[in-house]
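Worksheet: the structure to be examined is printed underneath.
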Amino acid sequence: MTAELVRGQNHPLPEARLEVRVSAGKPIVAGATLSDEQGKVPGVEWVAHPGAPTLPGIEVSRQAAADHRLAFDLDALPRTVHRVSVLLALVPGAGGPVRFGAVAAPFVAVTGLDGTEVASYTLTGLDAESAVVALELYRRQGAWKVRAVGQGYAGGLAELLTDQGLPQAQQLAAGITEAVAQGLARSVAAPPPRTPDTDRTRQATAPAGSPDQAHGGTAPQSTSGTTSPQSPYGPGPQDTTRIDHTTAAPAGAAPTDPSAAAQPAAGGPVNYTHPRRQT
């Protein structure tokens with residue numbers, strides 16, 4: 001049965017190999033710090049974060065995300081480690097929320113490797129904080145337990161790491177911010193979803209073909225290579241007007257029919273002599 005923890009409550013862990021699953025609704029950074037018997041983090045090599053996601057017995061996410069799965073093998077931790085703190089932080093400089101009070105309360109759950117929940121905790125009551133210690137996995141009399149913490153820091157990761165005694169807190173916080181920014185730069189944005197408006201826009205901008213092209217045909221062509229428009233009601237009346245390029249007959253000459261002179265005799269050669277030309 002899952003134990004739903006409140007702030008300050010603890011619960012025994014039945015197994016050494018487990019996961020911590022985080023759901024925040026917005027992209028956040030997830031990491032973990034290792035502390036000695038006095039609760040201090042001796043150096044940066046005791047912090048698992050996106051820039052250094054793997055430590056002995058710990059593996060955290062490599063980039064900011066709305067959901068995380070952190071893996072732990074408590075038996076693989078050094079014997080000098082007495083506490084593991086699971087920390088969450090908002091992404092600085094990414095245009096998102098800058099305080100946990102502006103987002104839904106993050107939810108964390110300790111599960112077995114098969115996904116069975118052992119304990120869960122909802123981080124309520126946060127406001128101006130931009131970094132928070134969500135859970136502690138701590139060693140007590142040879143056994144491991146989990147405690148709901150929910151300690152927030154308005155000064156972000158730098159203040160959180162300073163509170164845990166890390167000498168290089170400012171430098172490490174800046175390094176984590178840089179690693180997260182590089183991860184966001186490498187990620188590819190998803191294409192916008194297609195909408196009916198997009199389809200209509202594509203159809204409107206497509207080149208309009210002729211009515212014949214719309215039905216898969218081609219426009220009729222005349223024998224001279226130019227397009228000859230066709231009427232749907234059949235061929236129209238022919239234009240019988242002709243331009244007479246002949247010269248006027250001299251005065252006193254008998255009129256002749258130019259068409260008769262231009263007609264060749266049946267079976268004879270064609271006469272190309274101009275009917276009005278005089279030799």
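The chains in the structure tokens are called A, B, ... from first to last as shown; in each chain the residues are counted from 1, and the ligands are counted from 1 in the order shown.
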Mind dumping a table of every range 57-153 of chain A residue within 6 Å of range 2-15 of chain A, with the nearest atom pair and its distance in Å to one decimal, using only C-alpha atoms, sorted by chain and rising number, as CSV?
```
residue,atom,partner,partner_atom,distance
A:Glu117,CA,A:Thr2,CA,5.6
A:Val118,CA,A:Thr2,CA,5.0
A:Ala119,CA,A:Ala3,CA,4.5
A:Ser120,CA,A:Glu4,CA,5.0
A:Tyr121,CA,A:Leu5,CA,5.1
A:Trp144,CA,A:Leu13,CA,5.7
A:Lys145,CA,A:Pro12,CA,4.3
A:Val146,CA,A:Asn10,CA,5.3
A:Arg147,CA,A:Asn10,CA,4.1
A:Ala148,CA,A:Arg7,CA,5.0
A:Val149,CA,A:Arg7,CA,5.5
```
Which parts of range 4-137 of chain A does DSSP call strand (DSSP E or B) when run on the backbone here, written out as an mmCIF file with C-alpha atoms, in the first residue's frame?
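Just written: out_11.cif:
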```cif
data_model
loop_
_atom_site.group_PDB
_atom_site.id
_atom_site.type_symbol
_atom_site.label_atom_id
_atom_site.label_comp_id
_atom_site.auth_asym_id
_atom_site.auth_seq_id
_atom_site.Cartn_x
_atom_site.Cartn_y
_atom_site.Cartn_z
ATOM 1 C CA GLU A 4 0.975 9.385 1.068
ATOM 2 C CA LEU A 5 3.444 11.510 2.987
ATOM 3 C CA ASN A 10 9.121 9.427 6.857
ATOM 4 C CA HIS A 11 8.598 5.886 5.632
ATOM 5 C CA PRO A 12 10.875 2.803 5.436
ATOM 6 C CA ARG A 17 17.068 -0.355 -5.846
ATOM 7 C CA LEU A 18 14.295 2.104 -6.593
ATOM 8 C CA GLU A 19 13.166 5.073 -8.670
ATOM 9 C CA VAL A 20 11.938 8.546 -7.821
ATOM 10 C CA ARG A 21 9.384 9.746 -10.357
ATOM 11 C CA VAL A 22 8.610 13.440 -10.679
ATOM 12 C CA SER A 23 5.635 15.091 -12.369
ATOM 13 C CA ALA A 24 5.628 18.885 -12.502
ATOM 14 C CA GLY A 25 3.536 19.886 -15.531
ATOM 15 C CA LYS A 26 6.255 22.354 -16.610
ATOM 16 C CA PRO A 27 9.905 21.729 -17.573
ATOM 17 C CA ILE A 28 12.067 21.643 -14.447
ATOM 18 C CA VAL A 29 15.540 20.458 -13.482
ATOM 19 C CA ALA A 30 15.903 17.361 -11.310
ATOM 20 C CA GLY A 31 19.058 16.338 -9.463
ATOM 21 C CA ALA A 32 20.431 14.817 -6.281
ATOM 22 C CA THR A 33 23.095 15.652 -3.713
ATOM 23 C CA LEU A 34 25.048 13.281 -1.458
ATOM 24 C CA SER A 35 25.738 14.320 2.128
ATOM 25 C CA VAL A 47 26.123 16.326 -6.921
ATOM 26 C CA ALA A 48 24.250 14.610 -9.767
ATOM 27 C CA HIS A 49 22.740 17.097 -12.228
ATOM 28 C CA ALA A 52 26.988 15.267 -14.636
ATOM 29 C CA THR A 54 25.693 9.773 -13.234
ATOM 30 C CA LEU A 55 27.286 9.045 -9.870
ATOM 31 C CA ILE A 58 22.591 7.412 -8.890
ATOM 32 C CA GLU A 59 21.432 8.464 -12.349
ATOM 33 C CA ALA A 65 11.538 18.081 -18.535
ATOM 34 C CA ALA A 66 8.047 18.030 -17.090
ATOM 35 C CA ASP A 67 8.461 14.388 -16.006
ATOM 36 C CA HIS A 68 11.549 12.677 -14.595
ATOM 37 C CA ARG A 69 12.632 9.212 -13.511
ATOM 38 C CA LEU A 70 15.662 9.182 -11.206
ATOM 39 C CA ALA A 71 17.295 5.784 -10.572
ATOM 40 C CA PHE A 72 18.930 4.841 -7.266
ATOM 41 C CA ASP A 73 20.899 1.836 -6.032
ATOM 42 C CA ARG A 83 21.777 11.170 3.001
ATOM 43 C CA VAL A 84 20.591 11.668 -0.569
ATOM 44 C CA SER A 85 18.564 14.802 -1.269
ATOM 45 C CA VAL A 86 16.307 14.920 -4.335
ATOM 46 C CA LEU A 87 16.175 18.515 -5.562
ATOM 47 C CA LEU A 88 13.961 20.262 -8.125
ATOM 48 C CA ALA A 89 14.497 23.659 -9.742
ATOM 49 C CA LEU A 90 12.770 25.820 -12.324
ATOM 50 C CA PHE A 107 4.291 15.426 -7.327
ATOM 51 C CA VAL A 108 7.028 12.927 -6.437
ATOM 52 C CA ALA A 109 6.728 9.196 -5.864
ATOM 53 C CA VAL A 110 9.212 6.557 -4.698
ATOM 54 C CA THR A 111 8.626 3.346 -6.633
ATOM 55 C CA GLU A 117 4.621 3.004 -5.516
ATOM 56 C CA VAL A 118 6.132 2.858 -2.061
ATOM 57 C CA ALA A 119 5.539 6.446 -0.963
ATOM 58 C CA SER A 120 4.384 9.683 -2.581
ATOM 59 C CA TYR A 121 4.432 13.361 -1.715
ATOM 60 C CA THR A 122 2.793 16.474 -3.215
ATOM 61 C CA ALA A 131 14.386 25.517 -6.084
ATOM 62 C CA VAL A 132 13.280 22.956 -3.512
ATOM 63 C CA VAL A 133 14.502 19.824 -1.743
ATOM 64 C CA ALA A 134 11.621 17.425 -2.369
ATOM 65 C CA LEU A 135 12.724 14.224 -0.605
ATOM 66 C CA GLU A 136 15.529 12.778 1.481
ATOM 67 C CA LEU A 137 16.680 9.185 1.339
#
```
Per DSSP on the backbone, what are the alpha helix (DSSP H) residues of range 66-184 of chain A, as a PDB file with N, CA and C atoms, in the first residue's frame?
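Okay, out-v8.pdb is ready:
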```pdb
ATOM      1  N   GLY A 156      17.090  30.128  -5.491  1.00  0.00           N
ATOM      2  CA  GLY A 156      17.375  29.118  -6.509  1.00  0.00           C
ATOM      3  C   GLY A 156      18.408  28.097  -6.070  1.00  0.00           C
ATOM      4  N   LEU A 157      19.025  27.470  -7.070  1.00  0.00           N
ATOM      5  CA  LEU A 157      19.991  26.405  -6.796  1.00  0.00           C
ATOM      6  C   LEU A 157      21.198  26.887  -6.008  1.00  0.00           C
ATOM      7  N   ALA A 158      21.641  28.098  -6.269  1.00  0.00           N
ATOM      8  CA  ALA A 158      22.808  28.609  -5.551  1.00  0.00           C
ATOM      9  C   ALA A 158      22.538  28.654  -4.041  1.00  0.00           C
ATOM     10  N   GLU A 159      21.376  29.126  -3.656  1.00  0.00           N
ATOM     11  CA  GLU A 159      21.052  29.186  -2.226  1.00  0.00           C
ATOM     12  C   GLU A 159      20.856  27.788  -1.651  1.00  0.00           C
ATOM     13  N   LEU A 160      20.232  26.890  -2.428  1.00  0.00           N
ATOM     14  CA  LEU A 160      20.011  25.523  -1.943  1.00  0.00           C
ATOM     15  C   LEU A 160      21.340  24.823  -1.693  1.00  0.00           C
ATOM     16  N   LEU A 161      22.255  24.907  -2.652  1.00  0.00           N
ATOM     17  CA  LEU A 161      23.535  24.218  -2.505  1.00  0.00           C
ATOM     18  C   LEU A 161      24.386  24.852  -1.410  1.00  0.00           C
ATOM     19  N   THR A 162      24.281  26.164  -1.257  1.00  0.00           N
ATOM     20  CA  THR A 162      25.004  26.827  -0.162  1.00  0.00           C
ATOM     21  C   THR A 162      24.491  26.337   1.184  1.00  0.00           C
ATOM     22  N   ASP A 163      23.179  26.156   1.319  1.00  0.00           N
ATOM     23  CA  ASP A 163      22.598  25.676   2.576  1.00  0.00           C
ATOM     24  C   ASP A 163      23.055  24.263   2.914  1.00  0.00           C
ATOM     25  N   ALA A 169      29.116  26.475  -4.441  1.00  0.00           N
ATOM     26  CA  ALA A 169      27.686  26.496  -4.756  1.00  0.00           C
ATOM     27  C   ALA A 169      27.368  27.425  -5.927  1.00  0.00           C
ATOM     28  N   GLN A 170      27.925  28.627  -5.935  1.00  0.00           N
ATOM     29  CA  GLN A 170      27.638  29.589  -6.996  1.00  0.00           C
ATOM     30  C   GLN A 170      28.127  29.084  -8.353  1.00  0.00           C
ATOM     31  N   GLN A 171      29.351  28.557  -8.390  1.00  0.00           N
ATOM     32  CA  GLN A 171      29.902  28.076  -9.650  1.00  0.00           C
ATOM     33  C   GLN A 171      29.116  26.879 -10.173  1.00  0.00           C
ATOM     34  N   LEU A 172      28.747  25.962  -9.300  1.00  0.00           N
ATOM     35  CA  LEU A 172      28.007  24.790  -9.748  1.00  0.00           C
ATOM     36  C   LEU A 172      26.619  25.176 -10.233  1.00  0.00           C
ATOM     37  N   ALA A 173      25.946  26.092  -9.548  1.00  0.00           N
ATOM     38  CA  ALA A 173      24.632  26.540 -10.001  1.00  0.00           C
ATOM     39  C   ALA A 173      24.709  27.151 -11.391  1.00  0.00           C
ATOM     40  N   ALA A 174      25.755  27.939 -11.659  1.00  0.00           N
ATOM     41  CA  ALA A 174      25.927  28.511 -12.997  1.00  0.00           C
ATOM     42  C   ALA A 174      26.206  27.427 -14.023  1.00  0.00           C
ATOM     43  N   GLY A 175      26.973  26.390 -13.650  1.00  0.00           N
ATOM     44  CA  GLY A 175      27.251  25.296 -14.572  1.00  0.00           C
ATOM     45  C   GLY A 175      26.004  24.490 -14.898  1.00  0.00           C
ATOM     46  N   ILE A 176      25.143  24.278 -13.912  1.00  0.00           N
ATOM     47  CA  ILE A 176      23.896  23.559 -14.167  1.00  0.00           C
ATOM     48  C   ILE A 176      23.006  24.366 -15.111  1.00  0.00           C
ATOM     49  N   THR A 177      22.932  25.674 -14.888  1.00  0.00           N
ATOM     50  CA  THR A 177      22.133  26.532 -15.773  1.00  0.00           C
ATOM     51  C   THR A 177      22.639  26.471 -17.204  1.00  0.00           C
ATOM     52  N   GLU A 178      23.965  26.481 -17.390  1.00  0.00           N
ATOM     53  CA  GLU A 178      24.533  26.412 -18.734  1.00  0.00           C
ATOM     54  C   GLU A 178      24.236  25.067 -19.387  1.00  0.00           C
ATOM     55  N   ALA A 179      24.340  23.967 -18.621  1.00  0.00           N
ATOM     56  CA  ALA A 179      24.063  22.641 -19.179  1.00  0.00           C
ATOM     57  C   ALA A 179      22.611  22.521 -19.610  1.00  0.00           C
ATOM     58  N   VAL A 180      21.705  23.094 -18.824  1.00  0.00           N
ATOM     59  CA  VAL A 180      20.291  23.045 -19.185  1.00  0.00           C
ATOM     60  C   VAL A 180      20.031  23.867 -20.439  1.00  0.00           C
ATOM     61  N   ALA A 181      20.662  25.049 -20.543  1.00  0.00           N
ATOM     62  CA  ALA A 181      20.483  25.893 -21.725  1.00  0.00           C
ATOM     63  C   ALA A 181      20.992  25.192 -22.980  1.00  0.00           C
ATOM     64  N   GLN A 182      22.107  24.481 -22.901  1.00  0.00           N
ATOM     65  CA  GLN A 182      22.619  23.742 -24.049  1.00  0.00           C
ATOM     66  C   GLN A 182      21.682  22.619 -24.442  1.00  0.00           C
ATOM     67  N   GLY A 183      21.080  21.956 -23.442  1.00  0.00           N
ATOM     68  CA  GLY A 183      20.118  20.903 -23.747  1.00  0.00           C
ATOM     69  C   GLY A 183      18.884  21.441 -24.448  1.00  0.00           C
ATOM     70  N   LEU A 184      18.413  22.603 -24.035  1.00  0.00           N
ATOM     71  CA  LEU A 184      17.259  23.211 -24.702  1.00  0.00           C
ATOM     72  C   LEU A 184      17.606  23.636 -26.119  1.00  0.00           C
TER      73      LEU A 184
END
```
Legend entry - Residue neighbourhood Leu166 in chain A, 9 Å, only C-alpha atoms, exclusion window fewer than 4 positions, as number ranges by chain: A: 40-44, 161-162
Legend entry - Of the listed residues A:Ala143, A:Thr124, A:Glu129, A:Gln168, that which approaches Val98 in chain A most closely, counting only C-alpha atoms: A:Glu129
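Separating CA of Arg79 in chain A from CA of Leu113 in chain A is a distance of 23.0 Å.
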Inset, instruction - Identify, on the basis of only C-alpha atoms, every residue whose closest approach to Gly101 in chain A does not exceed 7 Å; exclude the query and any residue fewer than 6 positions from it along the same chain; express the result as number ranges by chain. - result: A: 126-128
